[in-house]
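Below: work27.json (JSON, C-alpha atoms)
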[["chain", "number", "residue", "atom", "x", "y", "z"],
["K", 8, "MET", "CA", -7.00, 3.92, 18.11],
["K", 9, "ARG", "CA", -5.01, 1.72, 15.72],
["K", 10, "ASN", "CA", -7.22, 2.69, 12.81],
["K", 11, "LEU", "CA", -6.84, 6.38, 13.67],
["K", 12, "ALA", "CA", -3.04, 6.05, 13.78],
["K", 13, "LEU", "CA", -3.18, 4.19, 10.48],
["K", 14, "ALA", "CA", -5.32, 6.90, 8.91],
["K", 15, "ILE", "CA", -2.92, 9.60, 10.11],
["K", 16, "GLY", "CA", 0.03, 7.62, 8.76],
["K", 17, "VAL", "CA", -1.60, 7.08, 5.37],
["K", 18, "PHE", "CA", -2.51, 10.78, 5.17],
["K", 19, "ILE", "CA", 1.09, 11.81, 5.82],
["K", 20, "VAL", "CA", 2.48, 9.31, 3.30],
["K", 21, "VAL", "CA", 0.00, 10.38, 0.60],
["K", 22, "LEU", "CA", 0.65, 14.06, 1.26],
["K", 23, "VAL", "CA", 4.42, 13.57, 1.07],
["K", 24, "ALA", "CA", 4.02, 11.46, -2.07],
["K", 25, "LEU", "CA", 2.02, 14.23, -3.72],
["K", 26, "SER", "CA", 4.67, 16.76, -2.81],
["K", 27, "PHE", "CA", 7.77, 14.66, -3.49],
["K", 28, "GLY", "CA", 10.34, 16.63, -5.37],
["K", 29, "GLU", "CA", 8.80, 19.95, -4.52],
["K", 30, "LYS", "CA", 9.42, 22.56, -1.90],
["K", 31, "ILE", "CA", 8.30, 20.29, 0.97],
["K", 32, "THR", "CA", 11.57, 18.37, 0.71],
["K", 33, "SER", "CA", 13.64, 21.49, 1.26],
["K", 34, "GLU", "CA", 11.28, 22.65, 4.02],
["K", 35, "LEU", "CA", 11.60, 19.25, 5.67],
["K", 36, "PHE", "CA", 15.39, 19.45, 5.69],
["K", 37, "ILE", "CA", 15.27, 22.99, 7.07],
["K", 38, "TRP", "CA", 12.84, 21.85, 9.73],
["K", 39, "LEU", "CA", 14.98, 18.81, 10.63],
["K", 40, "SER", "CA", 17.99, 21.06, 11.07],
["K", 41, "HIS", "CA", 15.96, 23.20, 13.46],
["K", 42, "ILE", "CA", 14.98, 20.10, 15.44],
["K", 43, "THR", "CA", 18.37, 19.94, 17.10],
["K", 44, "GLY", "CA", 17.93, 23.48, 18.43],
["K", 45, "MET", "CA", 15.66, 24.73, 21.17],
["K", 46, "ALA", "CA", 12.45, 22.73, 21.56],
["K", 47, "MET", "CA", 9.97, 25.63, 21.68],
["K", 48, "HIS", "CA", 11.44, 27.29, 18.61],
["K", 49, "GLN", "CA", 11.17, 24.04, 16.74],
["K", 50, "LEU", "CA", 7.52, 23.66, 17.56],
["K", 51, "GLN", "CA", 6.88, 27.21, 16.36],
["K", 52, "ASP", "CA", 8.90, 26.57, 13.19],
["K", 53, "LEU", "CA", 6.97, 23.38, 12.51],
["K", 54, "THR", "CA", 3.68, 25.17, 12.99],
["K", 55, "LEU", "CA", 4.71, 27.99, 10.64],
["K", 56, "VAL", "CA", 6.05, 25.58, 8.01],
["K", 57, "MET", "CA", 2.87, 23.52, 8.16],
["K", 58, "GLN", "CA", 0.75, 26.67, 7.95],
["K", 59, "ARG", "CA", 2.66, 27.95, 4.92],
["K", 60, "TYR", "CA", 2.53, 24.54, 3.27],
["K", 61, "VAL", "CA", -1.23, 24.16, 3.77],
["K", 62, "GLN", "CA", -1.87, 27.71, 2.50],
["K", 63, "ALA", "CA", 0.29, 27.18, -0.59],
["K", 64, "ASN", "CA", -0.86, 23.61, -1.32],
["K", 65, "TRP", "CA", -4.41, 23.38, -0.03],
["K", 66, "GLY", "CA", -5.44, 21.36, -3.07],
["K", 67, "LYS", "CA", -2.88, 18.66, -2.33],
["K", 68, "VAL", "CA", -4.00, 18.53, 1.29],
["K", 69, "LEU", "CA", -7.61, 18.01, 0.18],
["K", 70, "ILE", "CA", -6.58, 15.28, -2.27],
["K", 71, "ALA", "CA", -4.51, 13.60, 0.44],
["K", 72, "LEU", "CA", -7.48, 13.71, 2.81],
["K", 73, "ALA", "CA", -9.77, 12.29, 0.12],
["K", 74, "LEU", "CA", -7.34, 9.43, -0.58],
["K", 75, "THR", "CA", -6.66, 8.71, 3.10],
["K", 76, "VAL", "CA", -10.08, 7.28, 3.88],
["K", 77, "PRO", "CA", -10.27, 4.60, 1.15],
["K", 78, "ILE", "CA", -6.61, 3.61, 1.56],
["K", 79, "SER", "CA", -6.97, 3.31, 5.33],
["K", 80, "LEU", "CA", -10.13, 1.23, 4.97],
["K", 81, "TRP", "CA", -8.45, -1.02, 2.40],
["K", 82, "ILE", "CA", -5.39, -1.59, 4.61],
["K", 83, "SER", "CA", -7.60, -2.23, 7.64],
["K", 84, "ARG", "CA", -9.69, -4.79, 5.73],
["K", 85, "GLN", "CA", -6.61, -6.46, 4.28],
["K", 86, "SER", "CA", -5.09, -6.93, 7.73],
["K", 87, "GLN", "CA", -8.33, -8.48, 9.04],
["K", 88, "GLN", "CA", -8.92, -10.94, 6.18],
["K", 89, "GLY", "CA", -7.50, -14.42, 5.78],
["K", 90, "GLU", "CA", -6.28, -17.04, 8.20],
["K", 91, "PRO", "CA", -4.75, -15.97, 11.52],
["K", 92, "SER", "CA", -1.20, -16.68, 10.27],
["K", 93, "ASP", "CA", -1.96, -14.74, 7.09],
["K", 94, "ARG", "CA", -3.21, -11.79, 9.15],
["K", 95, "ILE", "CA", -0.05, -11.77, 11.28],
["K", 96, "HIS", "CA", 2.10, -11.72, 8.12],
["K", 97, "LYS", "CA", 0.13, -8.80, 6.67],
["K", 98, "LYS", "CA", 0.21, -6.96, 9.98],
["K", 99, "ARG", "CA", 3.99, -7.42, 10.18],
["K", 100, "LYS", "CA", 4.44, -6.03, 6.64],
["K", 101, "ILE", "CA", 2.33, -2.98, 7.45],
["K", 102, "ALA", "CA", 4.26, -2.46, 10.71],
["K", 103, "ILE", "CA", 7.55, -2.60, 8.77],
["K", 104, "PHE", "CA", 6.27, -0.03, 6.26],
["K", 105, "LEU", "CA", 5.04, 2.28, 9.00],
["K", 106, "ALA", "CA", 8.27, 1.91, 11.02],
["K", 107, "VAL", "CA", 10.41, 2.86, 8.01],
["K", 108, "PHE", "CA", 8.37, 5.85, 6.81],
["K", 109, "LEU", "CA", 6.53, 7.10, 9.91],
["K", 110, "GLY", "CA", 8.45, 5.50, 12.75],
["K", 111, "TRP", "CA", 9.68, 8.87, 13.94],
["K", 112, "LEU", "CA", 6.10, 9.55, 15.07],
["K", 113, "GLY", "CA", 5.68, 6.09, 16.58],
["K", 114, "ILE", "CA", 2.85, 5.29, 14.17],
["K", 115, "HIS", "CA", 3.95, 1.64, 13.93],
["K", 116, "ARG", "CA", 3.70, 1.32, 17.71],
["K", 117, "PHE", "CA", 0.20, 2.81, 17.71],
["K", 118, "TYR", "CA", -0.75, 0.45, 14.87],
["K", 119, "LEU", "CA", 0.42, -2.54, 16.94],
["K", 120, "GLY", "CA", -1.65, -1.34, 19.91],
["K", 121, "GLN", "CA", 1.39, -0.22, 21.92],
["K", 122, "ILE", "CA", 0.02, 3.20, 22.81],
["K", 123, "GLY", "CA", 2.51, 3.85, 25.63],
["K", 124, "TRP", "CA", 5.49, 3.18, 23.38],
["K", 125, "GLY", "CA", 3.94, 5.36, 20.69],
["K", 126, "LEU", "CA", 3.75, 8.25, 23.13],
["K", 127, "VAL", "CA", 7.37, 7.62, 24.19],
["K", 128, "TYR", "CA", 8.39, 7.87, 20.52],
["K", 129, "ILE", "CA", 6.61, 11.23, 20.21],
["K", 130, "VAL", "CA", 8.36, 12.57, 23.33],
["K", 131, "ILE", "CA", 11.77, 11.39, 22.11],
["K", 132, "PHE", "CA", 11.05, 12.90, 18.69],
["K", 133, "TYR", "CA", 10.28, 16.19, 20.39],
["K", 134, "LEU", "CA", 13.53, 16.07, 22.36],
["K", 135, "PHE", "CA", 15.96, 14.67, 19.77],
["K", 136, "ALA", "CA", 14.57, 13.62, 16.39],
["K", 137, "PRO", "CA", 17.64, 11.88, 14.89],
["K", 138, "LEU", "CA", 17.63, 9.37, 17.74],
["K", 139, "ILE", "CA", 14.02, 8.35, 17.22],
["K", 140, "VAL", "CA", 14.52, 7.97, 13.46],
["K", 141, "LEU", "CA", 17.35, 5.55, 14.17],
["K", 142, "ILE", "CA", 15.30, 3.66, 16.76],
["K", 143, "SER", "CA", 12.35, 3.32, 14.38],
["K", 144, "TRP", "CA", 14.59, 1.96, 11.63],
["K", 145, "ILE", "CA", 15.97, -0.54, 14.15],
["K", 146, "ASP", "CA", 12.37, -1.56, 14.91],
["K", 147, "ALA", "CA", 11.73, -2.03, 11.19],
["K", 148, "LEU", "CA", 14.85, -4.19, 10.87],
["K", 149, "ARG", "CA", 13.76, -6.25, 13.89],
["K", 150, "TYR", "CA", 10.34, -6.82, 12.31],
["K", 151, "VAL", "CA", 11.96, -7.84, 9.03],
["K", 152, "LEU", "CA", 14.25, -10.35, 10.69],
["K", 153, "MET", "CA", 11.77, -11.96, 13.08],
["K", 154, "SER", "CA", 9.41, -14.77, 12.11],
["K", 155, "ASP", "CA", 5.65, -14.37, 12.05],
["K", 156, "GLU", "CA", 5.42, -16.52, 15.21],
["K", 157, "ASP", "CA", 7.88, -14.28, 17.08],
["K", 158, "PHE", "CA", 6.05, -11.21, 15.84],
["K", 159, "ALA", "CA", 2.71, -12.63, 17.04],
["K", 160, "LEU", "CA", 4.19, -13.23, 20.50],
["K", 161, "ARG", "CA", 5.24, -9.56, 20.77],
["K", 162, "LEU", "CA", 1.74, -8.25, 20.05]]

Go through the file and emit its structure as structure tokens.
Amino acid sequence: MRNLALAIGVFIVVLVALSFGEKITSELFIWLSHITGMAMHQLQDLTLVMQRYVQANWGKVLIALALTVPISLWISRQSQQGEPSDRIHKKRKIAIFLAVFLGWLGIHRFYLGQIGWGLVYIVIFYLFAPLIVLISWIDALRYVLMSDEDFALRL
């Protein structure tokens, strides 16, 4: 499950990186403003925005998919190599990265094997997105400030 969450996270990051500076940024801000409105309308808006984006940028989506697999495998191998203390340090860095960029989806919680908390993040995101963005950044700050030993105890 952790590798699937990681692959989804890498896909989203690569796709956003390919589209940075283009229309997706404005669509994202429009979508985020809709998030505070009615929940069902937001889900429909998100679906329509994603549909339009995929139709207009199918090449970027394919490139992002093609890059997702090797990047996910590389990150997975990197986090499994080395001494146990080295692995914890790498895992903490990846969790910080995921919490900052994809924390609103709870990807960092899925990566750490905390499936229940990941699902809670998704529900809170559905109900009130700005709150979950703030909570995920707080998680990232907590991970930055704690030692590798404290981080290992929380796993």

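Of the residues under consideration (K:Ser154, K:Trp111, K:Ser79, K:Val68), K:Trp111 shows the shortest atom-to-atom contact distance to Leu134 of chain K when counting all atoms listed in the file.
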
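The residue that comes closest to Ala136 of chain K, out of K:Ala71, K:Leu112, K:Val61, K:Ile82 and on the basis of all atoms listed in the file, is K:Leu112.
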
Residues proximal to (9.1, -11.5, 15.4) were defined as those with any atom within 12 Å of that point in the file's coordinates, counting all atoms listed in the file. Which are they, as a PDB file with C-alpha atoms, in the frame of the given file?
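This is the output file point-v6.pdb:
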ATOM      1  CA  ILE K  95      -0.050 -11.770  11.280  1.00  0.00           C
ATOM      2  CA  HIS K  96       2.100 -11.720   8.120  1.00  0.00           C
ATOM      3  CA  LYS K  98       0.210  -6.960   9.980  1.00  0.00           C
ATOM      4  CA  ARG K  99       3.990  -7.420  10.180  1.00  0.00           C
ATOM      5  CA  LYS K 100       4.440  -6.030   6.640  1.00  0.00           C
ATOM      6  CA  ALA K 102       4.260  -2.460  10.710  1.00  0.00           C
ATOM      7  CA  ILE K 103       7.550  -2.600   8.770  1.00  0.00           C
ATOM      8  CA  ASP K 146      12.370  -1.560  14.910  1.00  0.00           C
ATOM      9  CA  ALA K 147      11.730  -2.030  11.190  1.00  0.00           C
ATOM     10  CA  LEU K 148      14.850  -4.190  10.870  1.00  0.00           C
ATOM     11  CA  ARG K 149      13.760  -6.250  13.890  1.00  0.00           C
ATOM     12  CA  TYR K 150      10.340  -6.820  12.310  1.00  0.00           C
ATOM     13  CA  VAL K 151      11.960  -7.840   9.030  1.00  0.00           C
ATOM     14  CA  LEU K 152      14.250 -10.350  10.690  1.00  0.00           C
ATOM     15  CA  MET K 153      11.770 -11.960  13.080  1.00  0.00           C
ATOM     16  CA  SER K 154       9.410 -14.770  12.110  1.00  0.00           C
ATOM     17  CA  ASP K 155       5.650 -14.370  12.050  1.00  0.00           C
ATOM     18  CA  GLU K 156       5.420 -16.520  15.210  1.00  0.00           C
ATOM     19  CA  ASP K 157       7.880 -14.280  17.080  1.00  0.00           C
ATOM     20  CA  PHE K 158       6.050 -11.210  15.840  1.00  0.00           C
ATOM     21  CA  ALA K 159       2.710 -12.630  17.040  1.00  0.00           C
ATOM     22  CA  LEU K 160       4.190 -13.230  20.500  1.00  0.00           C
ATOM     23  CA  ARG K 161       5.240  -9.560  20.770  1.00  0.00           C
ATOM     24  CA  LEU K 162       1.740  -8.250  20.050  1.00  0.00           C
TER      25      LEU K 162
END

How big is the axis-aligned box around the listed atoms of segment 109-119 of chain K once 5 Å is added on each side, and where is its centre? Give both in Å to one decimal, as AutoDock Vina command-line options.
--center_x 4.5 --center_y 3.5 --center_z 13.8 --size_x 20.4 --size_y 22.1 --size_z 17.8

So that I can check the surroundings of Ile19 of chain K, please list as a ChimeraX atom specification every protein, DNA and RNA residue that reaches within 10 Å of it, counting only C-alpha atoms and ignoring chain neighbours fewer than 6 positions away. /K:13,25,68,71-72,75,108-109

Only C-alpha atoms, please: the residues just picked out, written as a PDB file, in the frame of the given file.
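What landed in selection.pdb:
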ATOM      1  CA  LEU K  13      -3.180   4.190  10.480  1.00  0.00           C
ATOM      2  CA  LEU K  25       2.020  14.230  -3.720  1.00  0.00           C
ATOM      3  CA  VAL K  68      -4.000  18.530   1.290  1.00  0.00           C
ATOM      4  CA  ALA K  71      -4.510  13.600   0.440  1.00  0.00           C
ATOM      5  CA  LEU K  72      -7.480  13.710   2.810  1.00  0.00           C
ATOM      6  CA  THR K  75      -6.660   8.710   3.100  1.00  0.00           C
ATOM      7  CA  PHE K 108       8.370   5.850   6.810  1.00  0.00           C
ATOM      8  CA  LEU K 109       6.530   7.100   9.910  1.00  0.00           C
TER       9      LEU K 109
END

Measure the distance from atom CA of Val21 of chain K to atom CA of Ala73 of chain K in Å and round it to one decimal. 10.0 Å

Excluding Ala12 of chain K and its own-chain neighbours fewer than 3 positions away, which residues fall within 6 Å of it when counting all atoms listed in the file? Please give them as an MDAnalysis selection string. chainID K and resid 9 15 114
